[in-house]
Every structure is written in C-alpha cells, then in structure tokens.
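Written below as structure tokens is the structure these notes are about.
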Amino acid sequence: MNIDFEKVKFGVEGPNAPWDTIKEIAVYCEKLGLDSYWMPDHLVATGVKRWDAIEVWGALGALAVLTEKIMIATGVSDTYRVHPAVLAQKATTIDIISNGRAILGIGIGEAMNLVPFGIEYDKPVGRTMEALEVIRRLLNEDFVDFEGKYYKLKQAFIAPKPVQKPHYPIYVAGASPRTIKMAGKYGDGWLPANLSVEKYKEGREIVMNAAKEVGKDPEKIDMAHFMYGVIAKTKDEARERVMLPAKLLLLTRPRILEAMGYEPPTYDFEMTFNLVFPRDAQRWLEEAKKLPDEVVEKSPIVYGTVDDFIERFEQYYKVGCRHFVMNFQVSPKYLKDCLDLYKQVAEYFRENYS
C-alpha cells in the first residue's frame, strides 16, 4: 500500500458533477502536489438547486489515465448497490489503470442512494462489516469460501490482484462507536467526518484498541479526517461564503448540533437515514437560515485564512490526524482559489512536521 504513515497528507473531495469540473479540479490538485483526490460515490447529489451525480467508477477510471501521482479514491462507497466482490473488482481495476494509486473508501451508506431505487436499507453496520470481511479475503486469498448472514461465497476469487501489495488501502468512514470499531478492525485508514478535536481524539483511541484486539498494528492505520469548509484571503470573505452552506450541512448532520449542546430545530433533513428530495429544498433552505451564526462558528466546519486553517489543523495533528480531506463549500468558480490557499497550508505542514 502506498501509505506514508508519518507524512502529513492533504486531500480534496471534488464535486459529483459535471465531468468537466471533476476532471479540471482533479488534475489541478495533482499539479499543486496534493496527496489524494476523493470523489463521492452517489446515485444522487445533494443541493438546493442541483442534484446531479455521475457514476464514480467510470470517472475514476478516466482520472486514473489523466493523472500520474495523486491517489484517487471513493469518498465513500456503500456495500448495498453492488456485491462486495464487484466492489473489490472495481477498485482493483482502478488500481491497475492508475498503476497503484487507488483508495477504496467504504461507509454504511445513505438512504437517498438506496430507498428510492427499491434497495432495502437494513442492518447497515452488520452488513457493511460482513462486506468488508469478504472484500479483504478476496484481495488476500486465492480462493474464498464464506458463509455469512448476508453473503455466501464458494471457491470465489478475483483476478488479477491489485498493483498495491497486499492490496489498495481501504478507508472506513465512521463516527459512531460501532463504525469506529469497524474502522479499527477492517480498515487501513479511518475517515470520520466533521468531528471536534476532542471527539477525534476519543475516536482514534477506539480505532487503535479495536485494531489491537484483532492483532493489527494500530500504527499502520492512516488516521484521516473529512472536513467541510471555506478558505479565503480574509476571514470575513470566508465567513460570508461558508455561512449558508454550513447551516444547510448542519441540518443534515443533527448529531453535530447535539454534540455542541444545541437542539436541532428539525430532524427532517438528516440525510443518512431520511430522504431529502428536490421538493424539500425550499423548506430546507428556510430552516437553515433560522440557525444562528454561532452554530457554524462553534462547529467542526473550518473556515478562514491560511493561518486559521493551520491553527485548526494543528489541533487535530496533535491528537493524531495525519490525513486531511477537505470538501470546500464554494461554487466551482471559487474552487481553484481555495485550492491555491490550501496548498500553502500543506506546504506549512510539510516544512514543519515532516
């Protein structure tokens, strides 16, 4: 696996669509020397105006040809829409096309990608754990016999194997106690989203203990963190751009509000288990505008200048984070400006923490 566990790494999650923007931003991230480019694996995107999403594996295959150095990843895939063996094969194909630069990100899924299409969304943690076991065995063994609750394999195999040895890294998303333990047991990387520094520290300990319990070296798990935010030349500019997108996001993640001591005004827009469709966009927007600015200011969403990002990232670095993955909450016309500033953050850490 091409993971440097000591190096501080910087990644970006790009948009769901359109393809021209995805291509342009991924190539630009590589030009800037960033470490990883992540693409959502969604059937539908989320947004007030646009809900477009192109299929991730076809896009990553094209990006594998258009780039040469940057790691390319799903951020993240569920194990409902395709059989885990097919998922393992898809990621293996990207690893081969990219000559060893694939990352498979896996999470428990979201209702919006499943329920409208008649895919039953049940037992998400148990099903995902079993799928992860199937994937790892297929990557590590020549032939697999498996008798599980959800999957059954008999002399199953995938060939060829990935370029990376023993296989491409698997990053497990998770912020609940069960999914954090799942990352420690099955993951080569842990990718929670929008945790406070204190919660990140607690979660990292859970990951490491879970790894030890199954005989894994916890120091060989890449501790990553997925974060939303805006970086700009001035804090006022960043604040102006981030406020409404951040409030919309926080309504979809009521647990973040609860963790800060706020009672969410509604749970209708929680997007893991609830459905939020375009018809809900106007009410979602109206409810988001009711949230006070201080909710954003106190949340894990990061915004500000290069110095503000460095200060915030250093807090996470001190509790063990080594791979930052940013989703910048700006329109495409501002995205390259964000990336140029983000590069300065990366350069600071490489100069001071390598």
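Labels for the structure tokens follow display order: chains A, B, ..., residues from 1 in each chain, ligands from 1.
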
Exercise for the section: Just the residues within 12 Å of Arg255 in chain A, please, counting only C-alpha atoms, with nothing from its chain fewer than 6 positions along; format it as a PyMOL selection string. Expected result: chain A and resi 175-176+193-196+249+261-264+266-267+269-272+299-300

Exercise for the section: Name all residues at most 12 Å from range 93-103 of chain A (count only C-alpha atoms; drop same-chain ones fewer than 3 positions away) and give them as a VMD selection string. Expected result: chain A and resid 1 to 3 11 35 to 39 56 to 77 86 to 90 106 158 to 172 187 to 189 191 222

Excluding range 41-54 of chain A and any residue of its chain fewer than 4 positions from it, enumerate the residues within 10 Å of it, using only C-alpha atoms, and give them as a compact mmCIF listing (two decimals) with N, CA and C atoms, in the first residue's frame.
# COMPACT_ATOMS: atom_id res chain seq x y z
N PRO A 15 -16.49 17.55 -6.67
CA PRO A 15 -17.94 17.54 -6.84
C PRO A 15 -18.46 16.24 -7.44
N ASN A 16 -19.78 16.06 -7.37
CA ASN A 16 -20.44 14.91 -8.01
C ASN A 16 -20.57 15.09 -9.52
N ALA A 17 -20.60 16.33 -9.97
CA ALA A 17 -20.79 16.65 -11.39
C ALA A 17 -20.53 18.15 -11.53
N PRO A 18 -20.34 18.66 -12.75
CA PRO A 18 -20.25 17.95 -14.02
C PRO A 18 -18.85 17.37 -14.25
N TRP A 19 -18.73 16.55 -15.28
CA TRP A 19 -17.46 15.89 -15.55
C TRP A 19 -16.33 16.89 -15.83
N ILE A 22 -15.00 18.07 -12.54
CA ILE A 22 -14.30 16.98 -11.84
C ILE A 22 -12.91 16.79 -12.43
N GLY A 58 -16.57 4.96 -13.38
CA GLY A 58 -16.19 5.41 -14.72
C GLY A 58 -15.35 6.68 -14.66
N ALA A 59 -15.74 7.60 -13.75
CA ALA A 59 -14.99 8.85 -13.61
C ALA A 59 -13.59 8.59 -13.08
N ALA A 73 -9.70 8.20 -5.02
CA ALA A 73 -10.45 7.45 -4.02
C ALA A 73 -11.95 7.69 -4.13
N THR A 74 -12.71 6.74 -3.60
CA THR A 74 -14.14 6.95 -3.40
C THR A 74 -14.36 7.48 -2.00
N GLY A 75 -15.22 8.49 -1.90
CA GLY A 75 -15.42 9.13 -0.60
C GLY A 75 -16.89 9.28 -0.24
N VAL A 76 -17.60 8.22 0.16
CA VAL A 76 -17.19 6.83 0.20
C VAL A 76 -18.26 5.97 -0.46
N SER A 77 -17.94 4.69 -0.71
CA SER A 77 -18.87 3.75 -1.32
C SER A 77 -19.65 2.99 -0.25
N ASP A 78 -20.89 2.64 -0.59
CA ASP A 78 -21.61 1.72 0.30
C ASP A 78 -21.53 0.31 -0.28
N ARG A 81 -25.28 -1.34 -3.15
CA ARG A 81 -25.66 -1.22 -4.56
C ARG A 81 -24.97 -2.23 -5.45
N GLY A 105 -12.80 3.83 -0.32
CA GLY A 105 -13.45 4.33 0.87
C GLY A 105 -14.81 3.66 1.03
N ILE A 106 -15.12 3.20 2.23
CA ILE A 106 -16.37 2.48 2.46
C ILE A 106 -17.08 3.03 3.70
N GLY A 109 -23.51 3.77 4.05
CA GLY A 109 -24.49 4.15 3.04
C GLY A 109 -25.43 5.25 3.50
N GLU A 110 -26.23 5.74 2.55
CA GLU A 110 -27.20 6.79 2.81
C GLU A 110 -28.50 6.46 2.09
N MET A 112 -30.68 8.14 0.54
CA MET A 112 -31.03 8.77 -0.74
C MET A 112 -30.50 7.99 -1.93
N ASN A 113 -29.43 7.20 -1.73
CA ASN A 113 -28.87 6.40 -2.81
C ASN A 113 -29.50 5.01 -2.90
N LEU A 114 -30.39 4.69 -1.98
CA LEU A 114 -30.88 3.32 -1.87
C LEU A 114 -32.41 3.23 -1.93
N PHE A 117 -34.72 3.67 -4.97
CA PHE A 117 -34.45 2.71 -6.03
C PHE A 117 -34.83 1.28 -5.63
N PRO A 245 -24.03 27.58 3.29
CA PRO A 245 -23.75 26.16 3.05
C PRO A 245 -23.52 25.37 4.33
N LEU A 248 -26.91 24.68 6.02
CA LEU A 248 -27.59 23.62 5.30
C LEU A 248 -27.00 22.26 5.67
N LEU A 249 -25.68 22.21 5.71
CA LEU A 249 -25.00 20.96 6.06
C LEU A 249 -25.33 20.53 7.47
N MET A 271 -29.61 13.17 6.62
CA MET A 271 -29.51 12.55 5.30
C MET A 271 -28.95 11.13 5.29
N VAL A 276 -34.19 13.22 1.50
CA VAL A 276 -34.34 14.64 1.23
C VAL A 276 -34.30 14.81 -0.28
N PHE A 277 -35.42 15.21 -0.85
CA PHE A 277 -35.55 15.30 -2.29
C PHE A 277 -35.57 16.76 -2.74
N PRO A 278 -35.45 17.00 -4.05
CA PRO A 278 -35.53 18.38 -4.53
C PRO A 278 -36.78 19.12 -4.07
N ARG A 279 -37.87 18.38 -3.91
CA ARG A 279 -39.10 19.05 -3.46
C ARG A 279 -38.97 19.64 -2.06
N ASP A 280 -37.98 19.15 -1.28
CA ASP A 280 -37.77 19.64 0.08
C ASP A 280 -36.82 20.83 0.14
N ALA A 281 -36.27 21.22 -0.99
CA ALA A 281 -35.17 22.18 -0.99
C ALA A 281 -35.57 23.53 -0.38
N GLN A 282 -36.76 24.03 -0.72
CA GLN A 282 -37.15 25.35 -0.23
C GLN A 282 -37.29 25.37 1.29
N ARG A 283 -37.93 24.35 1.85
CA ARG A 283 -38.08 24.31 3.30
C ARG A 283 -36.73 24.09 3.99
N TRP A 284 -35.90 23.24 3.39
CA TRP A 284 -34.54 23.02 3.92
C TRP A 284 -33.79 24.34 4.00
N LEU A 285 -33.88 25.13 2.96
CA LEU A 285 -33.23 26.44 2.93
C LEU A 285 -33.80 27.37 4.00

Exercise for the section: Considering only C-alpha atoms, return as a ChimeraX atom specification whatever protein or nucleic-acid residues lie within 12 Å of Tyr150 in chain A, sequence-local ones (same chain, fewer than 3 positions apart) excluded. Expected result: /A:79-80,83-84,122-134,146-147,153

Residue subset to file, keeping C-alpha atoms, as a PDB file, in the first residue's frame:
ATOM      1  CA  THR A  79     -21.858  -2.067   0.053  1.00  0.00           C
ATOM      2  CA  TYR A  80     -25.555  -2.213  -0.903  1.00  0.00           C
ATOM      3  CA  HIS A  83     -21.927  -7.110  -4.344  1.00  0.00           C
ATOM      4  CA  PRO A  84     -18.714  -6.688  -2.318  1.00  0.00           C
ATOM      5  CA  ASP A 122     -31.342  -2.553   6.726  1.00  0.00           C
ATOM      6  CA  LYS A 123     -28.687  -3.607   9.250  1.00  0.00           C
ATOM      7  CA  PRO A 124     -26.164  -1.098   7.829  1.00  0.00           C
ATOM      8  CA  VAL A 125     -23.317  -1.745  10.269  1.00  0.00           C
ATOM      9  CA  GLY A 126     -23.596  -5.530  10.361  1.00  0.00           C
ATOM     10  CA  ARG A 127     -23.944  -5.772   6.593  1.00  0.00           C
ATOM     11  CA  THR A 128     -21.013  -3.431   5.985  1.00  0.00           C
ATOM     12  CA  MET A 129     -18.747  -5.336   8.385  1.00  0.00           C
ATOM     13  CA  GLU A 130     -19.517  -8.589   6.618  1.00  0.00           C
ATOM     14  CA  ALA A 131     -18.899  -6.984   3.222  1.00  0.00           C
ATOM     15  CA  LEU A 132     -15.550  -5.654   4.416  1.00  0.00           C
ATOM     16  CA  GLU A 133     -14.535  -9.130   5.517  1.00  0.00           C
ATOM     17  CA  VAL A 134     -15.500 -10.510   2.112  1.00  0.00           C
ATOM     18  CA  PHE A 146     -17.512 -17.794   3.143  1.00  0.00           C
ATOM     19  CA  GLU A 147     -20.790 -18.475   4.909  1.00  0.00           C
ATOM     20  CA  LEU A 153     -19.075 -17.460  -1.350  1.00  0.00           C
TER      21      LEU A 153
END

Handout entry: Surrounding residues of Asp293 in chain A excluding itself and chain neighbours under 5 positions, 12 Å, only C-alpha atoms, as JSON, numbers by chain
Key = {"A": [239, 240, 242, 243, 244, 245, 246, 247, 248, 250, 288, 298, 299]}

Suppose we keep N, CA and C atoms; can you now write the selection as a short mmCIF file (atom, residue, chain, number, x, y, z; two decimals), in the first residue's frame?
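Output saved as selection24.cif:
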data_model
loop_
_atom_site.label_atom_id
_atom_site.label_comp_id
_atom_site.auth_asym_id
_atom_site.auth_seq_id
_atom_site.Cartn_x
_atom_site.Cartn_y
_atom_site.Cartn_z
N ARG A 239 -16.01 33.70 5.85
CA ARG A 239 -17.21 33.62 6.68
C ARG A 239 -18.47 33.87 5.85
N GLU A 240 -18.40 34.85 4.98
CA GLU A 240 -19.55 35.18 4.15
C GLU A 240 -19.92 34.01 3.23
N VAL A 242 -19.18 30.76 3.71
CA VAL A 242 -19.43 29.48 4.37
C VAL A 242 -20.75 29.42 5.09
N MET A 243 -21.29 30.54 5.54
CA MET A 243 -22.40 30.53 6.49
C MET A 243 -23.61 29.73 6.01
N LEU A 244 -24.16 30.06 4.86
CA LEU A 244 -25.36 29.36 4.41
C LEU A 244 -25.08 27.90 4.06
N PRO A 245 -24.03 27.58 3.29
CA PRO A 245 -23.75 26.16 3.05
C PRO A 245 -23.52 25.37 4.33
N ALA A 246 -22.86 26.00 5.32
CA ALA A 246 -22.61 25.30 6.58
C ALA A 246 -23.90 25.03 7.33
N LYS A 247 -24.81 25.99 7.33
CA LYS A 247 -26.09 25.80 8.03
C LYS A 247 -26.91 24.71 7.34
N LEU A 248 -26.91 24.68 6.02
CA LEU A 248 -27.59 23.62 5.30
C LEU A 248 -27.00 22.26 5.67
N LEU A 250 -25.29 21.45 8.42
CA LEU A 250 -25.53 21.09 9.82
C LEU A 250 -26.94 20.55 10.03
N ALA A 288 -32.64 26.28 7.46
CA ALA A 288 -31.20 26.53 7.65
C ALA A 288 -30.95 27.99 8.02
N LYS A 298 -18.97 27.59 16.14
CA LYS A 298 -18.55 26.61 17.14
C LYS A 298 -18.45 25.19 16.59
N SER A 299 -18.86 24.99 15.36
CA SER A 299 -18.91 23.65 14.78
C SER A 299 -17.53 23.22 14.28
#

Can I get the residues of range 19-50 of chain A within 9 Å of range 327-341 of chain A, each with the closest pair of atoms and their distance in Å to one decimal, using only C-alpha atoms, sorted chain first then ascending number, as JSON lines?
{"residue": "A:Thr21", "atom": "CA", "partner": "A:Pro332", "partner_atom": "CA", "distance": 7.3}
{"residue": "A:Ile25", "atom": "CA", "partner": "A:Lys336", "partner_atom": "CA", "distance": 7.4}
{"residue": "A:Tyr28", "atom": "CA", "partner": "A:Lys336", "partner_atom": "CA", "distance": 7.9}
{"residue": "A:Cys29", "atom": "CA", "partner": "A:Leu339", "partner_atom": "CA", "distance": 7.4}
{"residue": "A:Leu32", "atom": "CA", "partner": "A:Asp340", "partner_atom": "CA", "distance": 7.6}

Exercise for the section: Could you find all residues in range 115-333 of chain A that DSSP calls strand (DSSP E) from the backbone, and write them as a ChimeraX atom specification? Expected result: /A:144-147,152-156,170-172,189-190,222-231,302-304,323-328

Exercise for the section: Can you work out which one of A:Gly203, A:Gly174, A:Pro40, A:Gly229 has the shortest atom-to-atom distance to Val302 in chain A, counting only C-alpha atoms? Expected result: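 Looking only at the distances to Val302 in chain A, the closest residue turns out to be A:Gly229.
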